[in-house]
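S.K.: The structure file data_11.pdb (PDB, C-alpha atoms) is provided below.
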ATOM      1  CA  MET H   1      78.491  11.661  50.443
ATOM      2  CA  THR H   2      76.905  13.397  47.528
ATOM      3  CA  LEU H   3      78.552  16.422  45.877
ATOM      4  CA  PRO H   4      76.048  18.986  47.188
ATOM      5  CA  LYS H   5      76.645  17.861  50.778
ATOM      6  CA  LEU H   6      80.396  17.964  50.266
ATOM      7  CA  LEU H   7      80.234  21.568  48.948
ATOM      8  CA  ALA H   8      78.047  22.642  51.879
ATOM      9  CA  LEU H   9      80.536  21.125  54.377
ATOM     10  CA  VAL H  10      83.531  22.850  52.725
ATOM     11  CA  SER H  11      81.680  26.170  52.692
ATOM     12  CA  LEU H  12      80.874  25.821  56.407
ATOM     13  CA  ILE H  13      84.494  25.067  57.287
ATOM     14  CA  LEU H  14      85.714  28.021  55.138
ATOM     15  CA  PHE H  15      83.343  30.587  56.746
ATOM     16  CA  GLY H  16      84.263  29.311  60.213
ATOM     17  CA  ALA H  17      87.961  29.811  59.510
ATOM     18  CA  ILE H  18      87.292  33.341  58.232
ATOM     19  CA  GLY H  19      85.307  34.202  61.403
ATOM     20  CA  ILE H  20      88.079  32.918  63.728
ATOM     21  CA  ALA H  21      90.685  34.956  61.820
ATOM     22  CA  ALA H  22      88.562  38.089  62.146
ATOM     23  CA  ILE H  23      88.296  37.657  65.908
ATOM     24  CA  PHE H  24      92.100  37.394  66.365
ATOM     25  CA  LYS H  25      92.662  40.421  64.116
ATOM     26  CA  SER H  26      90.318  42.609  66.175
ATOM     27  CA  LYS H  27      92.250  41.840  69.369
ATOM     28  CA  SER H  28      95.580  42.982  67.852
ATOM     29  CA  VAL H  29      94.390  46.569  67.003
ATOM     30  CA  PRO H  30      95.429  49.140  69.671
ATOM     31  CA  PRO H  31      92.702  51.256  71.295
ATOM     32  CA  VAL H  32      92.127  54.848  70.144
ATOM     33  CA  VAL H  33      93.469  57.478  72.636
ATOM     34  CA  VAL H  34      91.559  60.788  72.756
ATOM     35  CA  THR H  35      93.742  63.801  73.723
ATOM     36  CA  THR H  36      92.769  67.413  74.597
ATOM     37  CA  SER H  37      94.453  70.686  73.694
ATOM     38  CA  GLN H  38      94.394  72.023  77.341
ATOM     39  CA  VAL H  39      97.858  72.984  78.671
ATOM     40  CA  PRO H  40      98.536  72.032  82.313
ATOM     41  CA  LEU H  41      98.669  75.068  84.729
ATOM     42  CA  GLU H  42     102.120  75.594  86.234
ATOM     43  CA  VAL H  43     101.855  76.240  89.964
ATOM     44  CA  GLU H  44     104.830  77.645  91.917
ATOM     45  CA  LEU H  45     105.785  76.054  95.173
ATOM     46  CA  ASP H  46     104.974  78.056  98.314
ATOM     47  CA  GLN H  47     108.622  78.612  99.164
ATOM     48  CA  GLU H  48     109.218  80.170  95.747
ATOM     49  CA  ILE H  49     106.448  82.765  96.062
ATOM     50  CA  GLN H  50     107.354  86.235  97.386
ATOM     51  CA  LEU H  51     104.584  88.322  98.892
ATOM     52  CA  ILE H  52     105.342  92.028  98.385
ATOM     53  CA  ALA H  53     103.734  94.155 101.046
ATOM     54  CA  PRO H  54     102.386  97.560  99.938
ATOM     55  CA  ALA H  55     104.176 100.717 101.070
ATOM     56  CA  LEU H  56     103.001 101.989 104.425
ATOM     57  CA  ALA H  57     100.854 104.900 103.301
ATOM     58  CA  VAL H  58      99.360 105.369 106.757
ATOM     59  CA  ALA H  59     101.009 103.624 109.667
ATOM     60  CA  PRO H  60      99.258 102.547 112.838
ATOM     61  CA  GLN H  61      99.529 105.667 114.909
ATOM     62  CA  SER H  62     100.963 103.991 117.978
ATOM     63  CA  VAL H  63     103.825 102.506 115.951
ATOM     64  CA  LYS H  64     107.154 104.328 115.665
ATOM     65  CA  PRO H  65     109.149 103.903 112.453
ATOM     66  CA  SER H  66     111.822 101.246 112.402
ATOM     67  CA  PHE H  67     114.718 103.007 110.677
ATOM     68  CA  SER H  68     117.399 101.043 108.894
ATOM     69  CA  SER H  69     120.166 103.246 110.233
ATOM     70  CA  VAL H  70     121.019 102.590 113.874
ATOM     71  CA  THR H  71     122.315 105.587 115.782
ATOM     72  CA  SER H  72     125.344 105.469 118.026
ATOM     73  CA  LYS H  73     123.272 105.815 121.156
ATOM     74  CA  SER H  74     120.008 104.117 121.934
ATOM     75  CA  ALA H  75     116.985 106.139 122.959
ATOM     76  CA  ALA H  76     117.065 104.591 126.411
ATOM     77  CA  ALA H  77     120.712 105.549 126.941
ATOM     78  CA  ILE H  78     120.253 109.286 126.350
ATOM     79  CA  ASP H  79     119.074 111.666 129.031
ATOM     80  CA  LEU H  80     117.492 114.197 126.680
ATOM     81  CA  PRO H  81     117.255 117.871 127.660
ATOM     82  CA  GLU H  82     113.885 119.406 128.477
ATOM     83  CA  ALA H  83     112.883 123.051 128.856
ATOM     84  CA  ASN H  84     109.946 125.424 128.843
ATOM     85  CA  ARG H  85     111.409 128.928 129.103
ATOM     86  CA  VAL H  86     109.447 130.629 126.353
ATOM     87  CA  GLU H  87     107.910 133.162 128.759
ATOM     88  CA  GLU H  88     111.386 134.618 129.237
ATOM     89  CA  PHE H  89     110.962 136.218 125.816
ATOM     90  CA  PHE H  90     107.830 138.065 126.922
ATOM     91  CA  ASN H  91     108.274 138.774 130.649
ATOM     92  CA  LYS H  92     108.718 142.476 131.314
ATOM     93  CA  ASN H  93     110.327 141.606 134.644
ATOM     94  CA  GLU H  94     112.818 138.892 135.498
ATOM     95  CA  PRO H  95     113.321 136.188 134.509
ATOM     96  CA  LYS H  96     113.855 137.133 130.893
ATOM     97  CA  PHE H  97     116.402 136.236 128.251
ATOM     98  CA  PRO H  98     119.396 138.558 127.756
ATOM     99  CA  ILE H  99     118.535 138.865 124.054
ATOM    100  CA  VAL H 100     115.350 140.841 124.820
ATOM    101  CA  GLU H 101     114.802 144.285 126.263
ATOM    102  CA  THR H 102     111.742 146.065 127.612
ATOM    103  CA  VAL H 103     110.849 149.382 125.981
ATOM    104  CA  THR H 104     108.260 152.015 126.821
ATOM    105  CA  TYR H 105     105.963 153.134 124.041
ATOM    106  CA  LYS H 106     106.198 156.732 122.853
ATOM    107  CA  SER H 107     104.368 157.874 119.782
ATOM    108  CA  ARG H 108     107.076 160.408 119.002
ATOM    109  CA  VAL H 109     110.520 158.875 118.578
ATOM    110  CA  THR H 110     113.688 160.070 116.884
ATOM    111  CA  TRP H 111     113.841 157.116 114.485
ATOM    112  CA  GLN H 112     110.332 157.778 113.055
ATOM    113  CA  LYS H 113     110.022 160.986 111.026
ATOM    114  CA  GLY H 114     106.888 162.857 110.000
ATOM    115  CA  ARG H 115     104.209 160.928 111.900
ATOM    116  CA  PRO H 116     103.541 159.048 115.146
ATOM    117  CA  ALA H 117     105.070 155.609 115.506
ATOM    118  CA  TRP H 118     102.673 152.698 115.643
ATOM    119  CA  LEU H 119     103.177 149.141 116.836
ATOM    120  CA  SER H 120     104.157 148.044 113.329
ATOM    121  CA  ASP H 121     106.872 150.745 113.306
ATOM    122  CA  TYR H 122     108.329 149.430 116.557
ATOM    123  CA  ALA H 123     108.241 145.931 115.055
ATOM    124  CA  SER H 124     110.205 147.073 111.991
ATOM    125  CA  HIS H 125     112.673 149.158 113.968
ATOM    126  CA  TYR H 126     113.545 146.379 116.413
ATOM    127  CA  ASP H 127     113.314 143.564 113.868
ATOM    128  CA  THR H 128     110.698 141.922 116.087
ATOM    129  CA  SER H 129     107.331 140.608 114.927
ATOM    130  CA  ARG H 130     104.072 142.367 115.750
ATOM    131  CA  HIS H 131     102.881 139.059 117.230
ATOM    132  CA  PHE H 132     105.845 139.027 119.611
ATOM    133  CA  ILE H 133     105.132 142.579 120.781
ATOM    134  CA  ALA H 134     101.400 141.861 121.158
ATOM    135  CA  ARG H 135     101.999 138.850 123.407
ATOM    136  CA  SER H 136     104.405 140.772 125.612
ATOM    137  CA  LEU H 137     102.130 143.818 125.656
ATOM    138  CA  ASN H 138      99.025 141.801 126.569
ATOM    139  CA  GLY H 139     100.777 139.587 129.093
ATOM    140  CA  LYS H 140      99.254 136.441 127.571
ATOM    141  CA  PRO H 141      99.155 134.547 124.242
ATOM    142  CA  ASP H 142      96.916 137.127 122.556
ATOM    143  CA  TYR H 143      98.465 137.962 119.194
ATOM    144  CA  LEU H 144      95.545 139.857 117.665
ATOM    145  CA  LYS H 145      95.043 142.716 120.123
ATOM    146  CA  GLN H 146      97.682 145.267 119.121
ATOM    147  CA  GLU H 147      96.469 148.461 120.745
ATOM    148  CA  LEU H 148      99.054 150.857 122.176
ATOM    149  CA  ALA H 149      98.824 153.775 124.581
ATOM    150  CA  GLU H 150     101.529 156.177 125.721
ATOM    151  CA  GLY H 151     103.643 154.585 128.436
ATOM    152  CA  ASP H 152     102.805 150.970 127.597
ATOM    153  CA  ARG H 153     105.723 148.583 128.131
ATOM    154  CA  PHE H 154     106.611 145.558 126.054
ATOM    155  CA  ASN H 155     109.578 143.450 125.037
ATOM    156  CA  VAL H 156     111.492 143.465 121.758
ATOM    157  CA  LEU H 157     114.534 141.573 120.505
ATOM    158  CA  ARG H 158     117.684 143.559 121.141
ATOM    159  CA  LYS H 159     119.186 145.369 118.183
ATOM    160  CA  ASP H 160     122.732 145.014 119.513
ATOM    161  CA  LYS H 161     122.602 141.210 119.532
ATOM    162  CA  ASP H 162     123.325 138.900 116.609
ATOM    163  CA  ILE H 163     120.458 136.467 117.126
ATOM    164  CA  GLN H 164     119.636 133.263 115.281
ATOM    165  CA  PHE H 165     117.219 130.437 116.019
ATOM    166  CA  TYR H 166     117.676 126.710 115.596
ATOM    167  CA  LEU H 167     115.045 123.977 115.496
ATOM    168  CA  LEU H 168     116.183 120.374 115.965
ATOM    169  CA  ILE H 169     113.733 117.598 115.146
ATOM    170  CA  ASP H 170     114.151 113.951 116.142
ATOM    171  CA  THR H 171     111.976 111.867 113.799
ATOM    172  CA  SER H 172     112.179 108.733 115.944
ATOM    173  CA  ARG H 173     110.581 110.568 118.870
ATOM    174  CA  CYS H 174     108.336 113.121 117.092
ATOM    175  CA  LYS H 175     110.007 115.824 119.164
ATOM    176  CA  MET H 176     111.502 119.256 118.512
ATOM    177  CA  TRP H 177     114.059 121.292 120.482
ATOM    178  CA  PHE H 178     113.958 125.082 120.054
ATOM    179  CA  TYR H 179     117.263 126.930 120.646
ATOM    180  CA  TYR H 180     118.506 130.458 120.253
ATOM    181  CA  LEU H 181     122.095 131.294 119.354
ATOM    182  CA  ALA H 182     123.775 134.621 120.103
ATOM    183  CA  SER H 183     127.324 135.757 119.392
ATOM    184  CA  ASP H 184     128.060 136.304 123.074
ATOM    185  CA  GLU H 185     126.661 132.948 124.202
ATOM    186  CA  LYS H 186     129.112 130.075 124.544
ATOM    187  CA  ARG H 187     126.583 127.435 123.551
ATOM    188  CA  PRO H 188     123.038 127.182 122.183
ATOM    189  CA  VAL H 189     120.349 128.111 124.718
ATOM    190  CA  LEU H 190     117.436 125.683 124.908
ATOM    191  CA  VAL H 191     114.157 127.580 125.001
ATOM    192  CA  LYS H 192     111.513 124.867 124.805
ATOM    193  CA  THR H 193     110.811 121.299 123.703
ATOM    194  CA  TYR H 194     107.738 120.511 121.620
ATOM    195  CA  ALA H 195     105.857 117.422 120.494
ATOM    196  CA  VAL H 196     105.381 117.465 116.721
ATOM    197  CA  GLY H 197     103.561 115.545 114.011
ATOM    198  CA  LEU H 198     105.536 114.238 111.033
ATOM    199  CA  GLY H 199     105.045 112.756 107.564
ATOM    200  CA  ARG H 200     103.502 109.381 106.889
ATOM    201  CA  LEU H 201     105.798 106.365 106.936
ATOM    202  CA  ASP H 202     107.109 105.489 103.481
ATOM    203  CA  SER H 203     109.747 102.826 102.912
ATOM    204  CA  SER H 204     110.646 104.314  99.530
ATOM    205  CA  CYS H 205     112.036 107.463 101.220
ATOM    206  CA  VAL H 206     115.583 107.596 102.541
ATOM    207  CA  SER H 207     114.286 108.972 105.828
ATOM    208  CA  GLY H 208     111.708 106.182 106.156
ATOM    209  CA  LEU H 209     108.874 108.703 106.073
ATOM    210  CA  LEU H 210     107.622 111.603 103.959
ATOM    211  CA  THR H 211     109.445 114.127 106.154
ATOM    212  CA  PRO H 212     113.013 114.528 104.838
ATOM    213  CA  LEU H 213     116.267 114.456 106.766
ATOM    214  CA  GLY H 214     118.831 117.257 106.590
ATOM    215  CA  LYS H 215     119.439 120.897 107.419
ATOM    216  CA  TYR H 216     117.294 123.655 105.884
ATOM    217  CA  SER H 217     116.779 127.385 106.266
ATOM    218  CA  LEU H 218     113.299 128.768 106.851
ATOM    219  CA  GLY H 219     111.844 131.285 104.430
ATOM    220  CA  ASP H 220     109.952 134.547 104.759
ATOM    221  CA  ARG H 221     106.871 133.705 102.661
ATOM    222  CA  ILE H 222     104.942 133.113 105.861
ATOM    223  CA  ALA H 223     101.174 133.110 106.311
ATOM    224  CA  THR H 224      98.513 133.370 109.000
ATOM    225  CA  TYR H 225      95.081 131.816 108.496
ATOM    226  CA  LYS H 226      91.679 132.412 110.035
ATOM    227  CA  PRO H 227      88.422 130.455 109.681
ATOM    228  CA  LYS H 228      86.686 130.999 106.314
ATOM    229  CA  ALA H 229      89.864 132.363 104.675
ATOM    230  CA  THR H 230      90.389 130.493 101.400
ATOM    231  CA  GLY H 231      93.280 129.893  99.047
ATOM    232  CA  ILE H 232      94.430 127.537  96.310
ATOM    233  CA  TYR H 233      95.766 124.171  97.428
ATOM    234  CA  HIS H 234      96.735 121.508  94.857
ATOM    235  CA  GLY H 235      94.909 123.498  92.216
ATOM    236  CA  LYS H 236      91.644 123.704  94.136
ATOM    237  CA  LYS H 237      90.024 126.337  96.301
ATOM    238  CA  ALA H 238      90.256 125.343  99.966
ATOM    239  CA  GLU H 239      89.782 126.763 103.441
ATOM    240  CA  MET H 240      93.432 126.995 104.423
ATOM    241  CA  ILE H 241      92.969 126.596 108.163
ATOM    242  CA  THR H 242      91.649 123.071 107.537
ATOM    243  CA  ILE H 243      94.990 122.191 105.912
ATOM    244  CA  PHE H 244      97.708 124.258 107.606
ATOM    245  CA  GLY H 245      96.109 125.406 110.843
ATOM    246  CA  THR H 246      96.637 129.056 111.776
ATOM    247  CA  ARG H 247     100.303 129.506 110.757
ATOM    248  CA  TRP H 248     102.640 128.521 107.916
ATOM    249  CA  ILE H 249     106.447 128.891 107.739
ATOM    250  CA  PRO H 250     108.095 127.435 104.611
ATOM    251  CA  PHE H 251     111.461 125.762 104.167
ATOM    252  CA  GLU H 252     113.658 128.021 102.023
ATOM    253  CA  GLU H 253     116.726 126.076 100.889
ATOM    254  CA  GLU H 254     118.909 123.095 101.658
ATOM    255  CA  LEU H 255     121.928 123.906 103.829
ATOM    256  CA  SER H 256     123.803 120.608 103.565
ATOM    257  CA  PRO H 257     124.435 117.906 100.968
ATOM    258  CA  ALA H 258     122.908 115.407 103.405
ATOM    259  CA  CYS H 259     119.380 116.697 102.732
ATOM    260  CA  THR H 260     117.262 113.823 101.435
ATOM    261  CA  ALA H 261     114.779 116.050  99.567
ATOM    262  CA  PRO H 262     114.621 119.594  98.165
ATOM    263  CA  ALA H 263     113.242 122.299 100.436
ATOM    264  CA  LYS H 264     110.394 123.264  98.121
ATOM    265  CA  GLY H 265     106.967 122.262  99.364
ATOM    266  CA  PHE H 266     107.948 121.557 102.963
ATOM    267  CA  GLY H 267     107.236 123.747 105.942
ATOM    268  CA  ILE H 268     106.172 124.068 109.565
ATOM    269  CA  HIS H 269     102.499 124.668 110.237
ATOM    270  CA  GLY H 270      99.722 124.170 112.734
ATOM    271  CA  THR H 271      97.418 121.206 113.084
ATOM    272  CA  PRO H 272      94.534 121.161 110.582
ATOM    273  CA  TRP H 273      91.238 122.425 111.935
ATOM    274  CA  GLU H 274      87.958 120.629 111.402
ATOM    275  CA  TYR H 275      84.341 121.591 111.852
ATOM    276  CA  ARG H 276      82.472 120.060 114.766
ATOM    277  CA  SER H 277      78.794 120.890 115.089
ATOM    278  CA  GLY H 278      79.373 123.697 112.600
ATOM    279  CA  GLU H 279      82.178 125.312 114.612
ATOM    280  CA  PRO H 280      85.900 125.194 113.680
ATOM    281  CA  ALA H 281      88.087 123.345 116.169
ATOM    282  CA  ASP H 282      91.767 122.477 116.361
ATOM    283  CA  ASN H 283      92.408 118.771 115.748
ATOM    284  CA  ILE H 284      95.549 117.915 117.727
ATOM    285  CA  GLU H 285      95.266 114.132 117.381
ATOM    286  CA  SER H 286      98.053 114.016 114.773
ATOM    287  CA  ILE H 287     100.671 115.427 117.180
ATOM    288  CA  GLY H 288     103.171 112.732 118.087
ATOM    289  CA  LYS H 289     102.141 110.687 115.047
ATOM    290  CA  TYR H 290     103.071 110.191 111.384
ATOM    291  CA  GLU H 291     100.146 111.552 109.379
ATOM    292  CA  SER H 292     101.218 114.610 107.368
ATOM    293  CA  ASP H 293     102.326 114.854 103.733
ATOM    294  CA  GLY H 294     105.867 115.580 104.992
ATOM    295  CA  CYS H 295     105.532 118.907 106.809
ATOM    296  CA  ILE H 296     106.148 119.490 110.509
ATOM    297  CA  ARG H 297     102.969 119.966 112.522
ATOM    298  CA  LEU H 298     102.650 121.718 115.870
ATOM    299  CA  ALA H 299      99.614 122.257 118.054
ATOM    300  CA  THR H 300      98.038 125.690 117.548
ATOM    301  CA  PRO H 301      99.369 127.326 120.765
ATOM    302  CA  ASP H 302     102.856 126.014 119.963
ATOM    303  CA  ILE H 303     103.035 127.123 116.327
ATOM    304  CA  GLU H 304     101.616 130.561 117.211
ATOM    305  CA  GLU H 305     104.215 131.276 119.893
ATOM    306  CA  LEU H 306     107.061 129.869 117.769
ATOM    307  CA  PHE H 307     105.884 131.924 114.786
ATOM    308  CA  SER H 308     105.842 135.115 116.864
ATOM    309  CA  ILE H 309     109.466 134.631 117.927
ATOM    310  CA  ILE H 310     111.375 133.295 114.921
ATOM    311  CA  ILE H 311     109.925 134.902 111.787
ATOM    312  CA  THR H 312     112.134 138.011 111.879
ATOM    313  CA  LYS H 313     115.470 136.257 112.446
ATOM    314  CA  PRO H 314     117.540 133.699 110.517
ATOM    315  CA  THR H 315     116.290 130.266 111.493
ATOM    316  CA  THR H 316     117.701 126.825 110.715
ATOM    317  CA  ILE H 317     115.808 123.566 111.004
ATOM    318  CA  GLU H 318     117.737 120.318 111.279
ATOM    319  CA  ILE H 319     115.866 117.017 110.960
ATOM    320  CA  VAL H 320     117.625 113.885 112.198
ATOM    321  CA  ARG H 321     116.700 110.321 113.016
ATOM    322  CA  ASP H 322     118.013 110.706 116.548
ATOM    323  CA  PHE H 323     118.957 113.647 118.770
ATOM    324  CA  ALA H 324     122.515 112.308 118.960
ATOM    325  CA  ASP H 325     122.903 112.737 115.181
ATOM    326  CA  SER H 326     122.634 116.541 115.290
ATOM    327  CA  THR H 327     125.497 118.637 113.918
ATOM    328  CA  LEU H 328     124.742 121.602 116.206
ATOM    329  CA  VAL H 329     127.837 122.290 118.278
ATOM    330  CA  GLY H 330     127.472 122.626 122.029
ATOM    331  CA  LEU H 331     124.364 120.528 122.544
ATOM    332  CA  SER H 332     123.829 118.651 125.763
ATOM    333  CA  PRO H 333     123.967 115.821 126.524
TER     334      PRO H 333
END
What would the structure in this file look like if it were written as structure tokens?
M.R.:
Amino acid sequence: MTLPKLLALVSLILFGAIGIAAIFKSKSVPPVVVTTSQVPLEVELDQEIQLIAPALAVAPQSVKPSFSSVTSKSAAAIDLPEANRVEEFFNKNEPKFPIVETVTYKSRVTWQKGRPAWLSDYASHYDTSRHFIARSLNGKPDYLKQELAEGDRFNVLRKDKDIQFYLLIDTSRCKMWFYYLASDEKRPVLVKTYAVGLGRLDSSCVSGLLTPLGKYSLGDRIATYKPKATGIYHGKKAEMITIFGTRWIPFEEELSPACTAPAKGFGIHGTPWEYRSGEPADNIESIGKYESDGCIRLATPDIEELFSIIITKPTTIEIVRDFADSTLVGLSP
């Protein structure tokens, strides 16, 4: 073999060895792994998730509140008292309550000096509202006609009686009991029971709704409203009858440490009126329901008769979860 052929053979063997080595080297290099900067999303398990329901701003109107405090007697176990004796305040003949008397109008009386006595003078003298006298005088729930003639007869609250009124509200039933108390009566006298509307359900309130619990006195900054009469409500001009109905009686002060809210801002009023076909009409749909901002609502005929009776005498309102919780002594059952 000549030298050139020998060199060519060695070169071929050398390059083949280099190629085989390169192949084995390439198989020993690990593959490149490409990573991302995205962080995995942490998902909680279903059993670890708490769904927080919003506060009940407006409850379904057929639903009664489920209060956390259970009273000593169930609603089904109590035979609650009922009455409708309000006409006994205004009847000029029997039956009538012993705390009223019938007087005959005379324009000249010994207790009014210098001029004839008008209906408003009789109201002041007997500590009886003009609305009360008007209803008795007219023989029907007409509180606006207040015309007197010599010899007219009407009822007034007796001056020789120490008279107070008491309103008891059961928030679980949307019901109110109206009593009078007199020093010579052994126990409270039930006058009438009313259906009422109460504040919206609110689980953040101790009472379970916007109407507070507790015992309050009623104040004398009362008001009557007619269609088109305006006032300021929440800083804005408003037609007051569309908010408070025809009557307003405010809470005055708290009478017990058990009150769950201050008296200020609360009151008893009529159902808001609304305009239907351009005419104002009483909307009584909220009675028996939980729709107010916390005040006690009564239908227009009810608030007007109650207003006429109680506004001149000390009146207490007690709001309880159940009738059996009342602190008024002498109640039945």
S.K.: Interatomic distance between CA of Phe266 (chain H) and CA of Ile303 (chain H)?
M.R.: 15.3 Å
S.K.: Determine the axis-aligned bounding box of all atoms of region 255-268 of chain H present in the file, pad each side by 8 Å, and express its centre and edge lengths in Å to one decimal place as lines of an AutoDock Vina configuration file.
M.R.:
center_x = 115.3
center_y = 118.9
center_z = 103.8
size_x = 34.3
size_y = 26.2
size_z = 27.4
S.K.: Using all atoms listed in the file, determine which residues lie at most 12 Å from Ala261 (chain H), disregarding the query and same-chain residues fewer than 4 positions distant; provide the list as number ranges by chain.
M.R.: H: 205-207, 209-216, 251, 253-257, 265-266, 294, 319
S.K.: Take the residues just selected and output them with C-alpha atoms as a PDB file, in the frame of the given file.
M.R.:
ATOM      1  CA  CYS H 205     112.036 107.463 101.220  1.00  0.00           C
ATOM      2  CA  VAL H 206     115.583 107.596 102.541  1.00  0.00           C
ATOM      3  CA  SER H 207     114.286 108.972 105.828  1.00  0.00           C
ATOM      4  CA  LEU H 209     108.874 108.703 106.073  1.00  0.00           C
ATOM      5  CA  LEU H 210     107.622 111.603 103.959  1.00  0.00           C
ATOM      6  CA  THR H 211     109.445 114.127 106.154  1.00  0.00           C
ATOM      7  CA  PRO H 212     113.013 114.528 104.838  1.00  0.00           C
ATOM      8  CA  LEU H 213     116.267 114.456 106.766  1.00  0.00           C
ATOM      9  CA  GLY H 214     118.831 117.257 106.590  1.00  0.00           C
ATOM     10  CA  LYS H 215     119.439 120.897 107.419  1.00  0.00           C
ATOM     11  CA  TYR H 216     117.294 123.655 105.884  1.00  0.00           C
ATOM     12  CA  PHE H 251     111.461 125.762 104.167  1.00  0.00           C
ATOM     13  CA  GLU H 253     116.726 126.076 100.889  1.00  0.00           C
ATOM     14  CA  GLU H 254     118.909 123.095 101.658  1.00  0.00           C
ATOM     15  CA  LEU H 255     121.928 123.906 103.829  1.00  0.00           C
ATOM     16  CA  SER H 256     123.803 120.608 103.565  1.00  0.00           C
ATOM     17  CA  PRO H 257     124.435 117.906 100.968  1.00  0.00           C
ATOM     18  CA  GLY H 265     106.967 122.262  99.364  1.00  0.00           C
ATOM     19  CA  PHE H 266     107.948 121.557 102.963  1.00  0.00           C
ATOM     20  CA  GLY H 294     105.867 115.580 104.992  1.00  0.00           C
ATOM     21  CA  ILE H 319     115.866 117.017 110.960  1.00  0.00           C
TER      22      ILE H 319
END
S.K.: Applied to the shown file, which residues does the PyMOL selection byres ((chain H and resi 155) around 7) return, written as a compact mmCIF listing (two decimals) with C-alpha atoms, in the coordinates of the input?
M.R.:
# COMPACT_ATOMS: atom_id res chain seq x y z
CA PHE H 90 107.83 138.06 126.92
CA LYS H 92 108.72 142.48 131.31
CA VAL H 100 115.35 140.84 124.82
CA GLU H 101 114.80 144.28 126.26
CA THR H 102 111.74 146.06 127.61
CA VAL H 103 110.85 149.38 125.98
CA ILE H 133 105.13 142.58 120.78
CA SER H 136 104.40 140.77 125.61
CA PHE H 154 106.61 145.56 126.05
CA VAL H 156 111.49 143.46 121.76
CA LEU H 157 114.53 141.57 120.50
S.K.: Please expand the PyMOL selection byres ((chain H and resi 165) around 12) into the concrete residues it hits in this file, giving the result as a ChimeraX atom specification.
M.R.: /H:99,162-164,166-168,177-183,188-192,217-218,306-307,309-318,328
S.K.: Pick out the closest residue to Ala258 (chain H) from this set: H:Phe244, H:Pro227, H:Ser124, H:Ser326. Count only C-alpha atoms.
M.R.: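 Of H:Phe244, H:Pro227, H:Ser124, H:Ser326, the one nearest Ala258 (chain H) is H:Ser326, counting only C-alpha atoms.
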S.K.: Just to confirm, what's the straight-line distance from CA of Asp302 (chain H) to CA of Gly267 (chain H) in Å (one decimal)?
M.R.: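 Result for CA of Asp302 (chain H) versus CA of Gly267 (chain H): 14.9 Å, one decimal.
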S.K.: To one decimal place in Å, what is the distance between CA of Trp273 (chain H) and CA of Thr300 (chain H)?
M.R.: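 Taking CA of Trp273 (chain H) and CA of Thr300 (chain H), their separation equals 9.4 Å.
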S.K.: Up to 12 Å from (95.4, 114.5, 117.2) in the file's coordinates: name the residues, counting all atoms listed in the file, as a PyMOL selection string.
M.R.: chain H and resi 61-62+195-198+270-274+281-292+297-300
S.K.: At a cut-off of 12 Å from (94.0, 126.9, 101.2) in the coordinates of the file, what residues are picked up using all atoms listed in the file, written as an MDAnalysis selection string?
M.R.: chainID H and resid 223:248 272:273
S.K.: As a check of understanding, name the residues that the PyMOL selection byres ((chain H and resi 322) around 8) selects in the supplied structure, as JSON, numbers by chain.
M.R.: {"H": [71, 75, 170, 171, 172, 173, 320, 321, 323, 324, 325, 326]}
